[in-house]
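Heads up, target.txt below (compact mmCIF, C-alpha atoms):
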```txt
# COMPACT_ATOMS: atom_id res chain seq x y z
CA MET A 1 -58.38 13.70 -42.39
CA GLN A 2 -61.05 15.54 -40.42
CA GLU A 3 -58.72 18.51 -40.07
CA ALA A 4 -58.23 18.66 -43.86
CA ASN A 5 -62.03 18.65 -44.40
CA THR A 6 -62.42 21.40 -41.82
CA MET A 7 -59.79 23.51 -43.59
CA LYS A 8 -61.53 23.01 -46.96
CA LEU A 9 -64.87 23.99 -45.43
CA LYS A 10 -63.33 27.12 -43.87
CA LYS A 11 -61.81 28.10 -47.22
CA LYS A 12 -65.15 27.62 -48.97
CA LEU A 13 -66.93 29.73 -46.35
CA LYS A 14 -64.30 32.49 -46.62
CA LYS A 15 -64.61 32.46 -50.39
CA LYS A 16 -68.40 32.58 -50.19
CA ARG A 17 -68.28 35.39 -47.62
CA ARG A 18 -65.88 37.37 -49.81
CA GLN A 19 -68.12 36.88 -52.84
CA SER A 20 -71.23 37.97 -50.94
CA ASN A 21 -69.50 41.14 -49.70
CA THR A 22 -68.31 42.28 -53.11
CA PRO A 23 -70.83 44.52 -54.82
CA GLU A 24 -72.28 43.52 -58.15
CA PRO A 25 -70.63 45.20 -61.13
CA VAL A 26 -72.56 48.29 -62.21
CA ASP A 27 -73.10 49.13 -65.86
CA ILE A 28 -72.12 52.79 -66.17
CA ASN A 29 -74.20 53.21 -69.32
CA ASP A 30 -77.38 52.11 -67.52
CA PRO A 31 -78.61 55.25 -65.69
CA GLU A 32 -81.03 53.36 -63.47
CA ALA A 33 -78.28 51.09 -62.13
CA LEU A 34 -76.42 54.12 -60.79
CA LEU A 35 -79.12 54.91 -58.20
CA ASN A 36 -80.32 52.84 -55.32
CA TRP A 37 -83.55 53.78 -53.53
CA ASP A 38 -81.89 55.72 -50.71
CA GLU A 39 -79.92 57.85 -53.20
CA PHE A 40 -83.11 58.35 -55.23
CA PHE A 41 -84.99 59.73 -52.24
CA LEU A 42 -82.03 61.96 -51.34
CA LEU A 43 -81.87 63.41 -54.86
CA ARG A 44 -85.62 63.88 -54.83
CA GLN A 45 -85.37 65.87 -51.60
CA GLN A 46 -82.56 67.98 -53.06
CA ARG A 47 -84.66 68.73 -56.14
CA ARG A 48 -87.61 69.73 -53.95
CA MET A 49 -85.32 72.03 -51.97
CA TRP A 50 -84.17 73.72 -55.19
CA GLU A 51 -87.80 74.17 -56.22
CA ARG A 52 -88.74 75.74 -52.89
CA PHE A 53 -85.72 78.03 -52.62
CA VAL A 54 -86.10 79.37 -56.14
CA SER A 55 -89.81 80.11 -55.57
CA LEU A 56 -89.04 83.05 -53.27
CA PRO A 57 -86.76 84.95 -55.70
CA CYS A 58 -89.26 84.27 -58.50
CA ALA A 59 -92.04 85.71 -56.34
CA LEU A 60 -89.95 88.82 -55.66
CA VAL A 61 -89.18 89.19 -59.38
CA GLY A 62 -92.90 88.85 -60.13
CA LEU A 63 -93.74 91.46 -57.52
CA ALA A 64 -91.10 93.87 -58.84
CA PHE A 65 -92.23 93.30 -62.43
CA GLY A 66 -95.91 93.84 -61.55
CA ALA A 67 -95.16 96.90 -59.42
CA ALA A 68 -93.00 98.42 -62.19
CA ILE A 69 -95.71 97.92 -64.80
CA PHE A 70 -98.61 99.15 -62.69
CA ALA A 71 -96.67 102.04 -61.16
CA GLY A 72 -95.79 103.32 -64.63
CA LEU A 73 -99.42 103.60 -65.75
CA GLN A 74 -100.97 107.04 -65.68
CA VAL A 75 -104.25 107.04 -63.85
CA ASP A 76 -106.50 109.81 -62.61
CA PRO A 77 -106.77 109.24 -58.84
CA GLN A 78 -110.19 110.90 -58.81
CA GLN A 79 -111.74 108.30 -61.12
CA MET A 80 -112.70 104.80 -60.08
CA PHE A 81 -111.30 101.79 -61.91
CA TYR A 82 -114.08 99.20 -62.42
CA GLY A 83 -115.73 100.61 -59.31
CA TYR A 84 -112.60 100.42 -57.14
CA ASP A 85 -109.91 102.84 -56.08
CA PRO A 86 -106.99 102.61 -58.59
CA LEU A 87 -104.45 102.18 -55.78
CA ILE A 88 -106.24 99.05 -54.55
CA VAL A 89 -106.48 97.65 -58.08
CA PHE A 90 -102.76 98.20 -58.64
CA ALA A 91 -101.86 96.62 -55.28
CA ILE A 92 -104.00 93.56 -56.06
CA SER A 93 -102.45 93.33 -59.54
CA ALA A 94 -98.91 93.52 -58.14
CA GLY A 95 -99.82 90.86 -55.54
CA THR A 96 -101.19 88.66 -58.32
CA SER A 97 -97.92 89.09 -60.23
CA CYS A 98 -96.10 87.99 -57.06
CA CYS A 99 -98.30 84.87 -56.79
CA ILE A 100 -97.69 84.03 -60.45
CA GLY A 101 -93.94 84.35 -59.88
CA PHE A 102 -94.22 82.07 -56.84
CA ALA A 103 -96.18 79.51 -58.89
CA VAL A 104 -93.57 79.57 -61.67
CA GLY A 105 -90.75 79.17 -59.13
CA PRO A 106 -90.80 75.34 -58.85
CA THR A 107 -90.50 74.99 -62.62
CA VAL A 108 -87.52 77.35 -62.69
CA GLY A 109 -86.02 75.56 -59.67
CA ARG A 110 -86.35 72.19 -61.37
CA TRP A 111 -84.62 73.63 -64.45
CA PHE A 112 -81.75 74.96 -62.28
CA TYR A 113 -81.46 71.59 -60.56
CA ARG A 114 -81.30 69.85 -63.93
CA GLN A 115 -78.54 72.24 -65.05
CA THR A 116 -76.45 71.69 -61.91
CA SER A 117 -76.65 67.89 -62.01
CA PRO A 118 -77.27 66.76 -65.60
CA HIS A 119 -75.53 63.41 -65.11
CA MET A 120 -78.09 62.30 -62.51
CA HIS A 121 -81.16 63.67 -64.28
CA ALA A 122 -81.70 60.65 -66.55
CA ALA A 123 -81.23 58.21 -63.67
CA LEU A 124 -83.59 60.20 -61.45
CA LYS A 125 -86.21 60.36 -64.19
CA LEU A 126 -86.10 56.59 -64.78
CA LYS A 127 -86.16 55.78 -61.08
CA GLU A 128 -89.03 58.20 -60.52
CA ALA A 129 -91.09 56.52 -63.25
CA LYS A 130 -90.41 53.17 -61.60
CA PHE A 131 -91.33 54.60 -58.20
CA PHE A 132 -94.64 55.98 -59.48
CA LYS A 133 -95.44 52.58 -61.01
CA HIS A 134 -94.90 51.08 -57.54
CA VAL A 135 -97.15 53.72 -55.99
CA GLU A 136 -99.86 53.22 -58.60
CA ALA A 137 -99.78 49.45 -58.20
CA ASN A 138 -99.91 49.51 -54.39
CA ARG A 139 -102.26 52.35 -53.54
CA SER A 140 -105.64 51.68 -52.05
CA ASP A 141 -108.88 51.92 -54.00
CA PRO A 142 -110.30 55.46 -53.58
CA SER A 143 -113.85 54.12 -53.52
CA TYR A 144 -113.16 52.85 -49.97
CA SER A 145 -112.84 56.44 -48.73
CA ARG A 146 -115.38 57.65 -46.22
CA PHE A 147 -115.50 60.59 -43.83
CA ASN A 148 -114.04 58.46 -41.03
CA ASN A 149 -111.64 56.66 -43.42
CA PRO A 150 -109.87 59.29 -45.58
CA LEU A 151 -107.55 58.23 -48.38
CA PRO A 152 -103.89 58.46 -47.21
CA ASP A 153 -101.40 60.23 -49.56
CA PHE A 154 -102.80 59.05 -52.90
CA TYR A 155 -99.77 60.08 -55.00
CA GLY A 156 -97.05 59.19 -52.48
CA GLU A 157 -95.82 62.78 -52.25
CA LYS A 158 -94.81 62.48 -48.60
CA ILE A 159 -92.60 59.44 -49.17
CA ASP A 160 -89.01 60.50 -48.61
CA SER A 161 -87.25 57.27 -47.64
CA VAL A 162 -87.55 53.51 -47.90
CA HIS A 163 -88.89 53.45 -44.34
CA ALA A 164 -91.55 56.03 -45.25
CA TYR A 165 -92.48 53.92 -48.30
CA ARG A 166 -93.04 50.88 -46.10
CA ARG A 167 -95.11 53.01 -43.72
CA TRP A 168 -97.12 54.28 -46.71
CA LEU A 169 -97.74 50.69 -47.81
CA ARG A 170 -99.05 49.79 -44.33
CA LYS A 171 -101.37 52.81 -44.36
CA GLN A 172 -102.70 51.81 -47.78
CA ARG A 173 -103.43 48.27 -46.58
CA ASP A 174 -105.08 49.56 -43.40
CA HIS A 175 -107.23 51.93 -45.47
CA GLU A 176 -108.28 49.09 -47.72
CA LYS A 177 -109.15 46.82 -44.77
CA LYS A 178 -111.19 49.54 -43.06
CA GLY A 179 -112.95 50.30 -46.33
CA MET A 180 -113.85 46.68 -46.93
CA ILE A 181 -115.23 46.37 -43.40
CA THR A 182 -117.25 49.58 -43.80
CA ILE A 183 -118.63 48.52 -47.18
CA GLY A 184 -119.54 45.13 -45.72
CA LEU A 185 -121.45 46.87 -42.89
CA ASP A 186 -123.21 49.18 -45.38
CA LYS A 187 -124.39 46.19 -47.42
CA LYS A 188 -125.79 44.48 -44.29
CA LYS A 189 -127.78 47.60 -43.36
CA LYS A 190 -129.55 47.65 -46.73
```

If you took the structure in this file and wrote it as structure tokens, what would it be?
Amino acid sequence: MQEANTMKLKKKLKKKRRQSNTPEPVDINDPEALLNWDEFFLLRQQRRMWERFVSLPCALVGLAFGAAIFAGLQVDPQQMFYGYDPLIVFAISAGTSCCIGFAVGPTVGRWFYRQTSPHMHAALKLKEAKFFKHVEANRSDPSYSRFNNPLPDFYGEKIDSVHAYRRWLRKQRDHEKKGMITIGLDKKKK
């Protein structure tokens, strides 16, 4: 009798174990269900890499474009241009074109990333909105900032994993505690 009960209990435990190990069914039409947090942070890092790598070619294109335009202008080298030597003005203008190209690079990189992985773009966008809601809800009050208690990573830009998110949460709580203590001391002094 006891052996039969033990066998039933073992079968129930095996069944329960099997059920707990099987993943939940994922709705393919729901883009947010396709990404877990680790995959989200990985895709976010990949997008950032695209943005950074495309910035350099965009800067070079900007430099070439600026140099081509300013090198084609006819200028009298004996005359000053707004009080400066024309060569210096053209060099600064070409450098500014390079900086503009570098600034446009992340936007172009994000577009390229979106074109190479369109199936994950919607899921990434939804998960990112959810992530920023988490960040907004859990960040410390900026009014607690002082010179000796600076605000840590207000927008959560340095968060690149679940572990980093938990570390960010701890820093936010520590900042808030230090700020409350400092404000309490300031009130006592007055």

Within 9 Å of Leu42 in chain A, counting only C-alpha atoms, which residues qualify if same-chain residues fewer than 4 places away don't, as an mmCIF file with C-alpha atoms, in the coordinates of the input?
```cif
data_model
loop_
_atom_site.group_PDB
_atom_site.id
_atom_site.type_symbol
_atom_site.label_atom_id
_atom_site.label_comp_id
_atom_site.auth_asym_id
_atom_site.auth_seq_id
_atom_site.Cartn_x
_atom_site.Cartn_y
_atom_site.Cartn_z
ATOM 1 C CA TRP A 37 -83.550 53.780 -53.530
ATOM 2 C CA ASP A 38 -81.890 55.720 -50.710
ATOM 3 C CA GLN A 46 -82.560 67.980 -53.060
ATOM 4 C CA ARG A 47 -84.660 68.730 -56.140
ATOM 5 C CA ASP A 160 -89.010 60.500 -48.610
ATOM 6 C CA SER A 161 -87.250 57.270 -47.640
#
```

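Our summary of the geometry notes that CA of Ala64 in chain A is positioned 21.0 Å from CA of Asp85 in chain A.
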
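Counting all atoms listed in the file, the residue from A:Phe147, A:Ile159, A:Asp141, A:Met80 that sits nearest to His175 in chain A is A:Asp141.
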
- Glu128 in chain A environment, 10 Å, only C-alpha atoms, sequence neighbours closer than 3 positions dropped, as a ChimeraX atom specification: /A:32,37,40-41,44,122-125,131-134

- Item | Protein/DNA/RNA residues near (-100.2, 58.8, -47.5), cut 9 Å, only C-alpha atoms, as a PyMOL selection string | chain A and resi 151-159+167-169+171-172

Show me, as a short mmCIF file (atom, residue, chain, number, x, y, z; two decimals) with C-alpha atoms, in the coordinates of the input, the residues that have an atom within 7 Å of Ala59 in chain A when counting all atoms listed in the file, minus same-chain residues fewer than 3 positions from it.
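And here's out12.cif as it stands now:
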```cif
data_model
loop_
_atom_site.label_atom_id
_atom_site.label_comp_id
_atom_site.auth_asym_id
_atom_site.auth_seq_id
_atom_site.Cartn_x
_atom_site.Cartn_y
_atom_site.Cartn_z
CA SER A 55 -89.81 80.11 -55.57
CA LEU A 56 -89.04 83.05 -53.27
CA GLY A 62 -92.90 88.85 -60.13
CA LEU A 63 -93.74 91.46 -57.52
CA CYS A 98 -96.10 87.99 -57.06
CA CYS A 99 -98.30 84.87 -56.79
CA GLY A 101 -93.94 84.35 -59.88
CA PHE A 102 -94.22 82.07 -56.84
#
```

- What does the distance from CA of Asp76 in chain A to CA of Ser93 in chain A come to in Å, to one decimal?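 Straight-line distance from CA of Asp76 in chain A to CA of Ser93 in chain A works out to 17.2 Å.
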
- Message: Considering all atoms listed in the file, can you say which of A:Val104, A:Arg52, A:Asn149, A:Arg166 comes closest to Met180 in chain A?
- Response: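 Of A:Val104, A:Arg52, A:Asn149, A:Arg166, the one nearest Met180 in chain A is A:Asn149, counting all atoms listed in the file.
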
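Distances here use only C-alpha atoms; by that measure, the residue among A:Arg170, A:Val54, A:Ser97, A:Glu39 closest to Ile69 in chain A is A:Ser97.
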
- Query: Taking only C-alpha atoms into account, which of A:Gly95, A:Gly179, A:Gly105, A:Pro142 comes nearest Gly66 in chain A?
  - Reply: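 Closest candidate: A:Gly95.
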
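The spacing separating CA of Arg114 in chain A from CA of Ala129 in chain A amounts to 16.6 Å.
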
- Query: Which residue gives the smallest distance to Arg146 in chain A among A:Glu176, A:Gly83, A:Gly109, A:Ala91, with all atoms listed in the file counted?
  - Reply: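 Among A:Glu176, A:Gly83, A:Gly109, A:Ala91, it is A:Glu176 that comes nearest to Arg146 in chain A.
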
Missing atoms in range 103-124 of chain A: can you complete it with N, CA, C and O atoms, as a short mmCIF file (atom, residue, chain, number, x, y, z; two decimals), keeping the file's coordinate frame?
```
data_model
loop_
_atom_site.label_atom_id
_atom_site.label_comp_id
_atom_site.auth_asym_id
_atom_site.auth_seq_id
_atom_site.Cartn_x
_atom_site.Cartn_y
_atom_site.Cartn_z
N ALA A 103 -95.70 80.74 -58.26
CA ALA A 103 -96.18 79.51 -58.89
C ALA A 103 -95.22 79.02 -59.97
O ALA A 103 -95.08 77.81 -60.19
N VAL A 104 -94.53 79.94 -60.63
CA VAL A 104 -93.57 79.57 -61.67
C VAL A 104 -92.25 79.11 -61.05
O VAL A 104 -91.49 78.36 -61.67
N GLY A 105 -92.00 79.48 -59.81
CA GLY A 105 -90.75 79.17 -59.13
C GLY A 105 -90.33 77.71 -59.14
O GLY A 105 -89.16 77.40 -59.45
N PRO A 106 -91.22 76.75 -58.82
CA PRO A 106 -90.80 75.34 -58.85
C PRO A 106 -90.33 74.87 -60.22
O PRO A 106 -89.39 74.08 -60.32
N THR A 107 -90.93 75.37 -61.27
CA THR A 107 -90.50 74.99 -62.62
C THR A 107 -89.09 75.52 -62.90
O THR A 107 -88.24 74.80 -63.43
N VAL A 108 -88.85 76.75 -62.51
CA VAL A 108 -87.52 77.35 -62.69
C VAL A 108 -86.50 76.62 -61.80
O VAL A 108 -85.38 76.33 -62.23
N GLY A 109 -86.91 76.29 -60.58
CA GLY A 109 -86.02 75.56 -59.67
C GLY A 109 -85.65 74.18 -60.20
O GLY A 109 -84.51 73.75 -60.09
N ARG A 110 -86.63 73.51 -60.79
CA ARG A 110 -86.35 72.19 -61.37
C ARG A 110 -85.38 72.34 -62.54
O ARG A 110 -84.49 71.52 -62.72
N TRP A 111 -85.53 73.39 -63.34
CA TRP A 111 -84.62 73.63 -64.45
C TRP A 111 -83.20 73.88 -63.93
O TRP A 111 -82.23 73.33 -64.46
N PHE A 112 -83.07 74.71 -62.88
CA PHE A 112 -81.75 74.96 -62.28
C PHE A 112 -81.15 73.67 -61.74
O PHE A 112 -79.95 73.42 -61.89
N TYR A 113 -81.97 72.85 -61.10
CA TYR A 113 -81.46 71.59 -60.56
C TYR A 113 -80.95 70.70 -61.69
O TYR A 113 -79.91 70.06 -61.58
N ARG A 114 -81.70 70.67 -62.79
CA ARG A 114 -81.30 69.85 -63.93
C ARG A 114 -79.99 70.35 -64.53
O ARG A 114 -79.17 69.57 -64.99
N GLN A 115 -79.77 71.68 -64.51
CA GLN A 115 -78.54 72.24 -65.05
C GLN A 115 -77.34 71.96 -64.14
O GLN A 115 -76.22 71.81 -64.62
N THR A 116 -77.57 71.91 -62.83
CA THR A 116 -76.45 71.69 -61.91
C THR A 116 -76.07 70.23 -61.79
O THR A 116 -74.94 69.92 -61.41
N SER A 117 -76.98 69.32 -62.08
CA SER A 117 -76.65 67.89 -62.01
C SER A 117 -77.23 67.14 -63.20
O SER A 117 -78.15 66.33 -63.06
N PRO A 118 -76.71 67.40 -64.40
CA PRO A 118 -77.27 66.76 -65.60
C PRO A 118 -76.98 65.26 -65.67
O PRO A 118 -77.76 64.51 -66.25
N HIS A 119 -75.89 64.81 -65.05
CA HIS A 119 -75.53 63.41 -65.11
C HIS A 119 -76.51 62.53 -64.33
O HIS A 119 -76.68 61.37 -64.64
N MET A 120 -77.16 63.09 -63.32
CA MET A 120 -78.09 62.30 -62.51
C MET A 120 -79.54 62.47 -62.97
O MET A 120 -80.41 61.76 -62.51
N HIS A 121 -79.78 63.39 -63.88
CA HIS A 121 -81.16 63.67 -64.28
C HIS A 121 -81.82 62.46 -64.94
O HIS A 121 -82.96 62.13 -64.63
N ALA A 122 -81.12 61.80 -65.86
CA ALA A 122 -81.70 60.65 -66.55
C ALA A 122 -81.98 59.52 -65.57
O ALA A 122 -83.04 58.89 -65.62
N ALA A 123 -81.04 59.27 -64.66
CA ALA A 123 -81.23 58.21 -63.67
C ALA A 123 -82.40 58.53 -62.75
O ALA A 123 -83.21 57.66 -62.42
N LEU A 124 -82.50 59.78 -62.33
CA LEU A 124 -83.59 60.20 -61.45
C LEU A 124 -84.93 60.08 -62.16
O LEU A 124 -85.92 59.62 -61.57
#
```
